[in-house]
>>> print(open('my_file-v1.txt').read())   # compact mmCIF, C-alpha atoms
# COMPACT_ATOMS: atom_id res chain seq x y z
CA MET A 1 19.89 8.57 -14.84
CA GLY A 2 18.25 6.61 -17.67
CA ALA A 3 14.52 6.93 -18.14
CA MET A 4 12.34 4.33 -16.45
CA LEU A 5 9.63 4.77 -19.08
CA GLU A 6 10.15 5.69 -22.73
CA LEU A 7 7.35 6.45 -25.17
CA ALA A 8 8.50 6.85 -28.76
CA LYS A 9 6.29 8.12 -31.60
CA ILE A 10 3.11 6.79 -29.99
CA GLU A 11 0.07 6.88 -32.26
CA LYS A 12 -3.41 5.60 -31.50
CA ILE A 13 -6.13 5.45 -34.13
CA TYR A 14 -9.66 4.31 -33.33
CA VAL A 15 -11.88 3.22 -36.20
CA LYS A 16 -15.54 4.18 -35.81
CA GLY A 17 -17.52 2.98 -38.80
CA SER A 18 -15.90 4.56 -41.82
CA ASN A 19 -14.17 7.22 -39.72
CA GLU A 20 -10.72 7.17 -38.14
CA VAL A 21 -10.16 9.05 -34.88
CA HIS A 22 -6.53 9.96 -34.24
CA ALA A 23 -6.41 10.03 -30.42
CA LEU A 24 -2.60 10.24 -30.33
CA ALA A 25 -0.55 11.50 -33.26
CA GLY A 26 3.10 10.79 -32.40
CA VAL A 27 3.83 11.32 -28.69
CA ASP A 28 7.42 11.20 -27.42
CA LEU A 29 7.87 11.18 -23.65
CA SER A 30 10.58 10.07 -21.20
CA ILE A 31 9.78 9.59 -17.51
CA GLU A 32 12.35 8.91 -14.82
CA LYS A 33 11.85 7.07 -11.55
CA GLY A 34 10.49 9.28 -8.79
CA GLU A 35 8.69 11.80 -11.00
CA PHE A 36 5.47 13.49 -9.85
CA LEU A 37 3.90 14.35 -13.18
CA ALA A 38 0.50 15.67 -14.27
CA VAL A 39 -0.86 15.08 -17.78
CA VAL A 40 -3.35 17.84 -18.59
CA GLY A 41 -5.38 18.97 -21.57
CA PRO A 42 -8.94 19.58 -22.72
CA SER A 43 -11.45 16.74 -23.02
CA GLY A 44 -10.73 14.75 -26.16
CA SER A 45 -7.07 15.78 -26.25
CA GLY A 46 -5.79 12.22 -25.85
CA LYS A 47 -4.59 12.29 -22.24
CA THR A 48 -6.75 9.37 -21.07
CA THR A 49 -5.64 7.33 -24.10
CA LEU A 50 -2.04 8.14 -23.22
CA LEU A 51 -2.53 6.99 -19.62
CA ASN A 52 -4.20 3.78 -20.82
CA ILE A 53 -1.24 3.02 -23.07
CA ILE A 54 1.25 3.74 -20.27
CA GLY A 55 -0.83 1.43 -18.05
CA CYS A 56 -0.88 -1.39 -20.65
CA LEU A 57 -4.68 -1.18 -20.79
CA ASP A 58 -4.49 -0.21 -24.46
CA ILE A 59 -2.02 -0.95 -27.25
CA PRO A 60 -0.70 1.82 -29.53
CA THR A 61 -1.38 1.66 -33.26
CA ALA A 62 2.24 2.64 -33.83
CA GLY A 63 5.30 3.49 -31.74
CA THR A 64 7.05 1.79 -28.82
CA VAL A 65 6.59 1.67 -25.04
CA SER A 66 9.60 0.60 -22.96
CA TYR A 67 9.72 0.11 -19.19
CA ASP A 68 13.13 -0.10 -17.53
CA GLY A 69 14.69 -1.38 -20.76
CA THR A 70 11.88 -3.87 -21.54
CA THR A 71 10.04 -3.08 -24.78
CA LEU A 72 6.36 -3.96 -24.48
CA SER A 73 5.52 -3.56 -28.17
CA GLY A 74 4.60 -6.88 -29.70
CA MET A 75 3.85 -8.57 -26.39
CA LYS A 76 0.88 -10.93 -26.40
CA GLU A 77 -2.17 -9.83 -24.42
CA ASP A 78 -1.54 -12.36 -21.62
CA ALA A 79 2.08 -11.25 -21.23
CA LEU A 80 1.04 -7.60 -21.23
CA SER A 81 -1.61 -8.29 -18.58
CA ASP A 82 0.93 -10.12 -16.43
CA TYR A 83 3.41 -7.23 -16.77
CA ARG A 84 0.70 -4.76 -15.76
CA LYS A 85 -0.27 -6.80 -12.69
CA ARG A 86 3.35 -6.98 -11.52
CA HIS A 87 4.63 -3.50 -12.25
CA ILE A 88 1.81 -0.94 -12.70
CA SER A 89 -0.75 0.31 -10.18
CA PHE A 90 -3.86 2.46 -10.57
CA ILE A 91 -5.71 4.95 -8.37
CA PHE A 92 -9.25 5.75 -9.55
CA GLN A 93 -11.52 8.71 -8.79
CA SER A 94 -14.24 6.27 -7.65
CA PHE A 95 -11.80 4.45 -5.28
CA ASN A 96 -12.88 0.98 -6.60
CA LEU A 97 -12.64 -0.69 -3.20
CA ILE A 98 -14.35 -4.04 -2.69
CA PRO A 99 -17.16 -3.37 -0.18
CA VAL A 100 -17.21 -6.85 1.41
CA LEU A 101 -13.49 -6.74 2.20
CA THR A 102 -11.92 -4.91 5.12
CA VAL A 103 -9.32 -2.16 4.70
CA ARG A 104 -6.56 -4.72 5.31
CA GLU A 105 -8.05 -7.23 2.85
CA ASN A 106 -8.47 -4.57 0.14
CA VAL A 107 -4.82 -3.55 0.45
CA GLU A 108 -3.55 -7.14 0.61
CA LEU A 109 -5.47 -8.18 -2.49
CA PRO A 110 -2.79 -7.45 -5.15
CA LEU A 111 -0.23 -9.48 -3.16
CA VAL A 112 -2.67 -12.35 -2.55
CA ILE A 113 -3.46 -12.49 -6.29
CA GLU A 114 0.25 -12.42 -7.16
CA ARG A 115 0.96 -15.43 -4.90
CA LYS A 116 4.65 -14.62 -4.53
CA LEU A 117 4.83 -13.75 -0.83
CA GLY A 118 3.95 -15.74 2.27
CA LYS A 119 1.22 -14.68 4.69
CA LYS A 120 3.70 -13.17 7.15
CA GLU A 121 5.38 -11.03 4.47
CA ILE A 122 2.01 -9.91 3.09
CA ALA A 123 0.82 -8.93 6.57
CA GLY A 124 4.06 -7.03 7.26
CA ARG A 125 4.04 -5.12 3.98
CA THR A 126 0.31 -4.30 4.33
CA GLY A 127 0.74 -3.02 7.89
CA GLU A 128 3.69 -0.86 6.86
CA ILE A 129 1.90 0.81 3.95
CA LEU A 130 -1.32 1.37 5.94
CA ALA A 131 0.74 3.13 8.61
CA ALA A 132 2.43 5.22 5.89
CA VAL A 133 -0.94 6.49 4.62
CA GLY A 134 -2.24 7.23 8.13
CA LEU A 135 -4.65 4.29 8.52
CA ALA A 136 -2.98 2.31 11.31
CA GLY A 137 -5.70 1.01 13.64
CA MET A 138 -8.37 1.02 10.90
CA GLU A 139 -7.39 -2.29 9.32
CA GLU A 140 -10.63 -4.13 10.16
CA ARG A 141 -13.05 -1.43 9.05
CA TYR A 142 -15.09 -1.79 5.88
CA PRO A 143 -15.25 0.83 3.08
CA ARG A 144 -18.80 1.85 4.15
CA GLU A 145 -17.35 2.90 7.53
CA LEU A 146 -14.83 5.29 5.96
CA SER A 147 -14.91 8.88 4.74
CA GLY A 148 -14.11 9.63 1.09
CA GLY A 149 -10.60 10.73 2.03
CA GLN A 150 -10.01 7.54 4.01
CA GLU A 151 -11.26 5.44 1.09
CA GLN A 152 -8.78 7.19 -1.21
CA ARG A 153 -5.99 6.51 1.32
CA VAL A 154 -6.89 2.81 1.15
CA ALA A 155 -6.77 3.01 -2.65
CA ILE A 156 -3.32 4.64 -2.47
CA ALA A 157 -2.09 1.95 -0.06
CA ARG A 158 -3.42 -0.79 -2.35
CA ALA A 159 -1.62 0.82 -5.32
CA LEU A 160 1.71 1.03 -3.48
CA VAL A 161 1.75 -2.31 -1.63
CA LYS A 162 3.27 -4.24 -4.55
CA ASP A 163 6.06 -1.65 -5.01
CA PRO A 164 5.17 -0.89 -8.65
CA PHE A 165 7.32 0.81 -11.25
CA ILE A 166 4.65 3.46 -11.64
CA VAL A 167 1.32 4.62 -10.13
CA LEU A 168 -1.25 6.00 -12.56
CA ALA A 169 -3.93 8.21 -11.03
CA ASP A 170 -6.95 9.20 -13.14
CA GLU A 171 -8.62 12.29 -11.61
CA PRO A 172 -7.85 11.04 -8.06
CA THR A 173 -9.32 14.14 -6.38
CA ALA A 174 -12.52 14.42 -8.47
CA ASN A 175 -14.84 12.95 -5.82
CA LEU A 176 -13.30 14.75 -2.84
CA ASP A 177 -14.03 18.12 -1.26
CA SER A 178 -11.26 20.71 -1.59
CA HIS A 179 -9.87 20.23 1.94
CA THR A 180 -9.71 16.43 1.59
CA ALA A 181 -8.28 16.74 -1.93
CA GLU A 182 -5.44 18.87 -0.56
CA GLU A 183 -4.74 16.27 2.13
CA ILE A 184 -4.63 13.47 -0.46
CA VAL A 185 -2.30 15.39 -2.79
CA ASP A 186 -0.02 16.23 0.16
CA LEU A 187 0.00 12.53 1.13
CA MET A 188 0.95 11.45 -2.39
CA ARG A 189 3.71 14.05 -2.52
CA GLU A 190 5.07 12.78 0.80
CA ILE A 191 5.02 9.17 -0.44
CA ASN A 192 6.70 10.33 -3.65
CA ARG A 193 9.43 12.05 -1.59
CA THR A 194 10.02 9.35 1.02
CA ARG A 195 9.59 6.23 -1.14
CA ASN A 196 10.69 7.63 -4.52
CA ALA A 197 7.37 6.33 -5.92
CA THR A 198 6.59 7.49 -9.45
CA PHE A 199 3.18 9.14 -9.94
CA ILE A 200 1.50 10.13 -13.21
CA PHE A 201 -1.83 11.95 -12.97
CA SER A 202 -4.45 12.60 -15.62
CA THR A 203 -6.27 15.59 -14.22
CA HIS A 204 -8.25 18.80 -14.70
CA ASP A 205 -7.69 19.75 -11.05
CA ALA A 206 -5.68 22.97 -10.62
CA LEU A 207 -4.58 21.73 -7.17
CA VAL A 208 -2.88 18.63 -8.63
CA GLN A 209 -1.30 20.72 -11.38
CA LYS A 210 0.02 23.20 -8.81
CA HIS A 211 1.71 20.46 -6.76
CA ALA A 212 3.05 18.45 -9.72
CA ARG A 213 6.76 18.85 -10.37
CA ARG A 214 6.24 18.36 -14.10
CA VAL A 215 3.18 19.21 -16.20
CA VAL A 216 2.76 17.70 -19.67
CA THR A 217 0.01 19.32 -21.75
CA ILE A 218 -1.63 17.20 -24.47
CA ARG A 219 -3.53 18.84 -27.30
CA ASP A 220 -4.81 17.22 -30.48
CA GLY A 221 -2.95 14.00 -29.66
CA LEU A 222 0.47 15.65 -29.31
CA VAL A 223 2.64 16.97 -26.49
CA HIS A 224 1.92 20.69 -26.64
CA ALA A 225 4.04 21.70 -23.63
CA ASP A 226 6.32 19.96 -21.10
CA GLU A 227 7.05 22.14 -18.09
CA ARG A 228 9.37 21.15 -15.24
CA LYS A 229 9.19 23.10 -11.97
>>> encode(input="my_file-v1.txt", output="structure tokens")
Amino acid sequence: MGAMLELAKIEKIYVKGSNEVHALAGVDLSIEKGEFLAVVGPSGSGKTTLLNIIGCLDIPTAGTVSYDGTTLSGMKEDALSDYRKRHISFIFQSFNLIPVLTVRENVELPLVIERKLGKKEIAGRTGEILAAVGLAGMEERYPRELSGGQEQRVAIARALVKDPFIVLADEPTANLDSHTAEEIVDLMREINRTRNATFIFSTHDALVQKHARRVVTIRDGLVHADERK
């Protein structure tokens, strides 16, 4: 199977005054559809920069990023933003739900913004994904009425509803107690298995690393180790 995502010789240099900070120093990485991968490394190693480049939130100083045969290097900012909205989803440690919207409205939001599906299709897809994450019957609740674990389930549903190429999760268990964190990781593994959804985590959490099927360690802006289980 060909790789869904190819990173070739990715460098990222930030200029701070007269200093240059080399966040990434030539990263090569291939990721196939359906992977469940954790990117780990000490603070300042470059893992967040790498995730931002994979998520089209940042542009590499050098190197190429290709999704499913489409090379993103050289794309204008508007085109890159449009590609991100259509094909890449994010799960954040702070959930980032909109408090004045219900569970259903939060999950529907990416599809409403995209304006490609009718109301009936949006409702059907939203209902299906909420059932898949164990929130059937909670559609009309507001974020303030949910536990932390339930809020993260809403965030996962929102990430998956548009059927993205890839889901990027930045420390998704950081604000959860250990029992809830285990439940959330188990849920994401189940969605990965049943829907062949691709997950990439940036994490310090040993629990996420334990359950990942591939662990990529970043140190000093380079891939230091790439372990498949």
>>> closest_residue(input="my_file-v1.txt", among="A:His204, A:Gly137, A:Pro110, A:Asn196", to="Glu35 in chain A", atoms="all atoms listed in the file")
A:Asn196
>>> atom_distance(input="my_file-v1.txt", atom1="CA of Thr198 in chain A", atom2="CA of Phe165 in chain A")
7.0 Å
>>> residues_near_point(input="my_file-v1.txt", point="(-3.5, 8.4, -33.6)", cutoff="7 Å", atoms="all atoms listed in the file", output="ChimeraX atom specification")
/A:11-13,21-25,221
>>> residues_around(input="my_file-v1.txt", residues="range 70-83 of chain A", least_positions_apart="6", cutoff="10 Å", atoms="all atoms listed in the file", output="list of chain:residue names")
A:Met4, A:Leu5, A:Glu6, A:Leu7, A:Gly55, A:Cys56, A:Leu57, A:Asp58, A:Ile59, A:Pro60, A:Ala62, A:Gly63, A:Thr64, A:Glu114
>>> closest_atom_pairs(input="my_file-v1.txt", of="range 23-68 of chain A", to="range 185-189 of chain A", cutoff="12 Å", atoms="only C-alpha atoms", output="JSON lines")
{"residue": "A:Gly34", "atom": "CA", "partner": "A:Arg189", "partner_atom": "CA", "distance": 10.4}
{"residue": "A:Glu35", "atom": "CA", "partner": "A:Arg189", "partner_atom": "CA", "distance": 10.1}
{"residue": "A:Phe36", "atom": "CA", "partner": "A:Arg189", "partner_atom": "CA", "distance": 7.6}
{"residue": "A:Leu37", "atom": "CA", "partner": "A:Arg189", "partner_atom": "CA", "distance": 10.7}
{"residue": "A:Ala38", "atom": "CA", "partner": "A:Val185", "partner_atom": "CA", "distance": 11.8}
>>> atom_distance(input="my_file-v1.txt", atom1="CA of Thr203 in chain A", atom2="CA of Glu151 in chain A")
19.0 Å
>>> atom_distance(input="my_file-v1.txt", atom1="CA of Asn106 in chain A", atom2="CA of Ser178 in chain A")
25.5 Å
>>> residues_around(input="my_file-v1.txt", residues="range 115-126 of chain A", least_positions_apart="2", cutoff="10 Å", atoms="all atoms listed in the file", output="PDB file with C-alpha atoms, keeping the file's coordinate frame")
ATOM      1  CA  VAL A 103      -9.320  -2.160   4.700  1.00  0.00           C
ATOM      2  CA  ARG A 104      -6.560  -4.720   5.310  1.00  0.00           C
ATOM      3  CA  GLU A 105      -8.050  -7.230   2.850  1.00  0.00           C
ATOM      4  CA  ASN A 106      -8.470  -4.570   0.140  1.00  0.00           C
ATOM      5  CA  VAL A 107      -4.820  -3.550   0.450  1.00  0.00           C
ATOM      6  CA  GLU A 108      -3.550  -7.140   0.610  1.00  0.00           C
ATOM      7  CA  LEU A 109      -5.470  -8.180  -2.490  1.00  0.00           C
ATOM      8  CA  PRO A 110      -2.790  -7.450  -5.150  1.00  0.00           C
ATOM      9  CA  LEU A 111      -0.230  -9.480  -3.160  1.00  0.00           C
ATOM     10  CA  VAL A 112      -2.670 -12.350  -2.550  1.00  0.00           C
ATOM     11  CA  ILE A 113      -3.460 -12.490  -6.290  1.00  0.00           C
ATOM     12  CA  GLU A 128       3.690  -0.860   6.860  1.00  0.00           C
ATOM     13  CA  ILE A 129       1.900   0.810   3.950  1.00  0.00           C
ATOM     14  CA  LEU A 130      -1.320   1.370   5.940  1.00  0.00           C
ATOM     15  CA  ALA A 131       0.740   3.130   8.610  1.00  0.00           C
ATOM     16  CA  ALA A 132       2.430   5.220   5.890  1.00  0.00           C
ATOM     17  CA  GLU A 139      -7.390  -2.290   9.320  1.00  0.00           C
ATOM     18  CA  ALA A 157      -2.090   1.950  -0.060  1.00  0.00           C
ATOM     19  CA  ARG A 158      -3.420  -0.790  -2.350  1.00  0.00           C
ATOM     20  CA  LEU A 160       1.710   1.030  -3.480  1.00  0.00           C
ATOM     21  CA  VAL A 161       1.750  -2.310  -1.630  1.00  0.00           C
ATOM     22  CA  LYS A 162       3.270  -4.240  -4.550  1.00  0.00           C
ATOM     23  CA  ASP A 163       6.060  -1.650  -5.010  1.00  0.00           C
TER      24      ASP A 163
END
>>> residues_around(input="my_file-v1.txt", residues="Arg219 in chain A", least_positions_apart="2", cutoff="10 Å", atoms="all atoms listed in the file", output="ChimeraX atom specification")
/A:23-25,40-47,216-217,221-225
>>> closest_residue(input="my_file-v1.txt", among="A:Gly69, A:Pro164, A:Pro143, A:Pro172", to="Arg86 in chain A", atoms="all atoms listed in the file")
A:Pro164
>>> closest_residue(input="my_file-v1.txt", among="A:Ile53, A:Val215, A:Ala8, A:Val167", to="Lys229 in chain A", atoms="all atoms listed in the file")
A:Val215
>>> closest_residue(input="my_file-v1.txt", among="A:Leu168, A:Ile191, A:Val27, A:Ala3", to="Phe90 in chain A", atoms="all atoms listed in the file")
A:Leu168
>>> closest_residue(input="my_file-v1.txt", among="A:Glu171, A:Asp205, A:Glu190, A:Glu182", to="Val133 in chain A", atoms="only C-alpha atoms")
A:Glu190
>>> residues_around(input="my_file-v1.txt", residues="Ser147 in chain A", least_positions_apart="5", cutoff="12 Å", atoms="all atoms listed in the file", output="NGL selection string")
:A and (95 or 135 or 138 or 141-142 or 152-154 or 175-177 or 180)
>>> closest_residue(input="my_file-v1.txt", among="A:Lys33, A:Lys210, A:Lys85, A:Lys9", to="Tyr67 in chain A", atoms="all atoms listed in the file")
A:Lys33
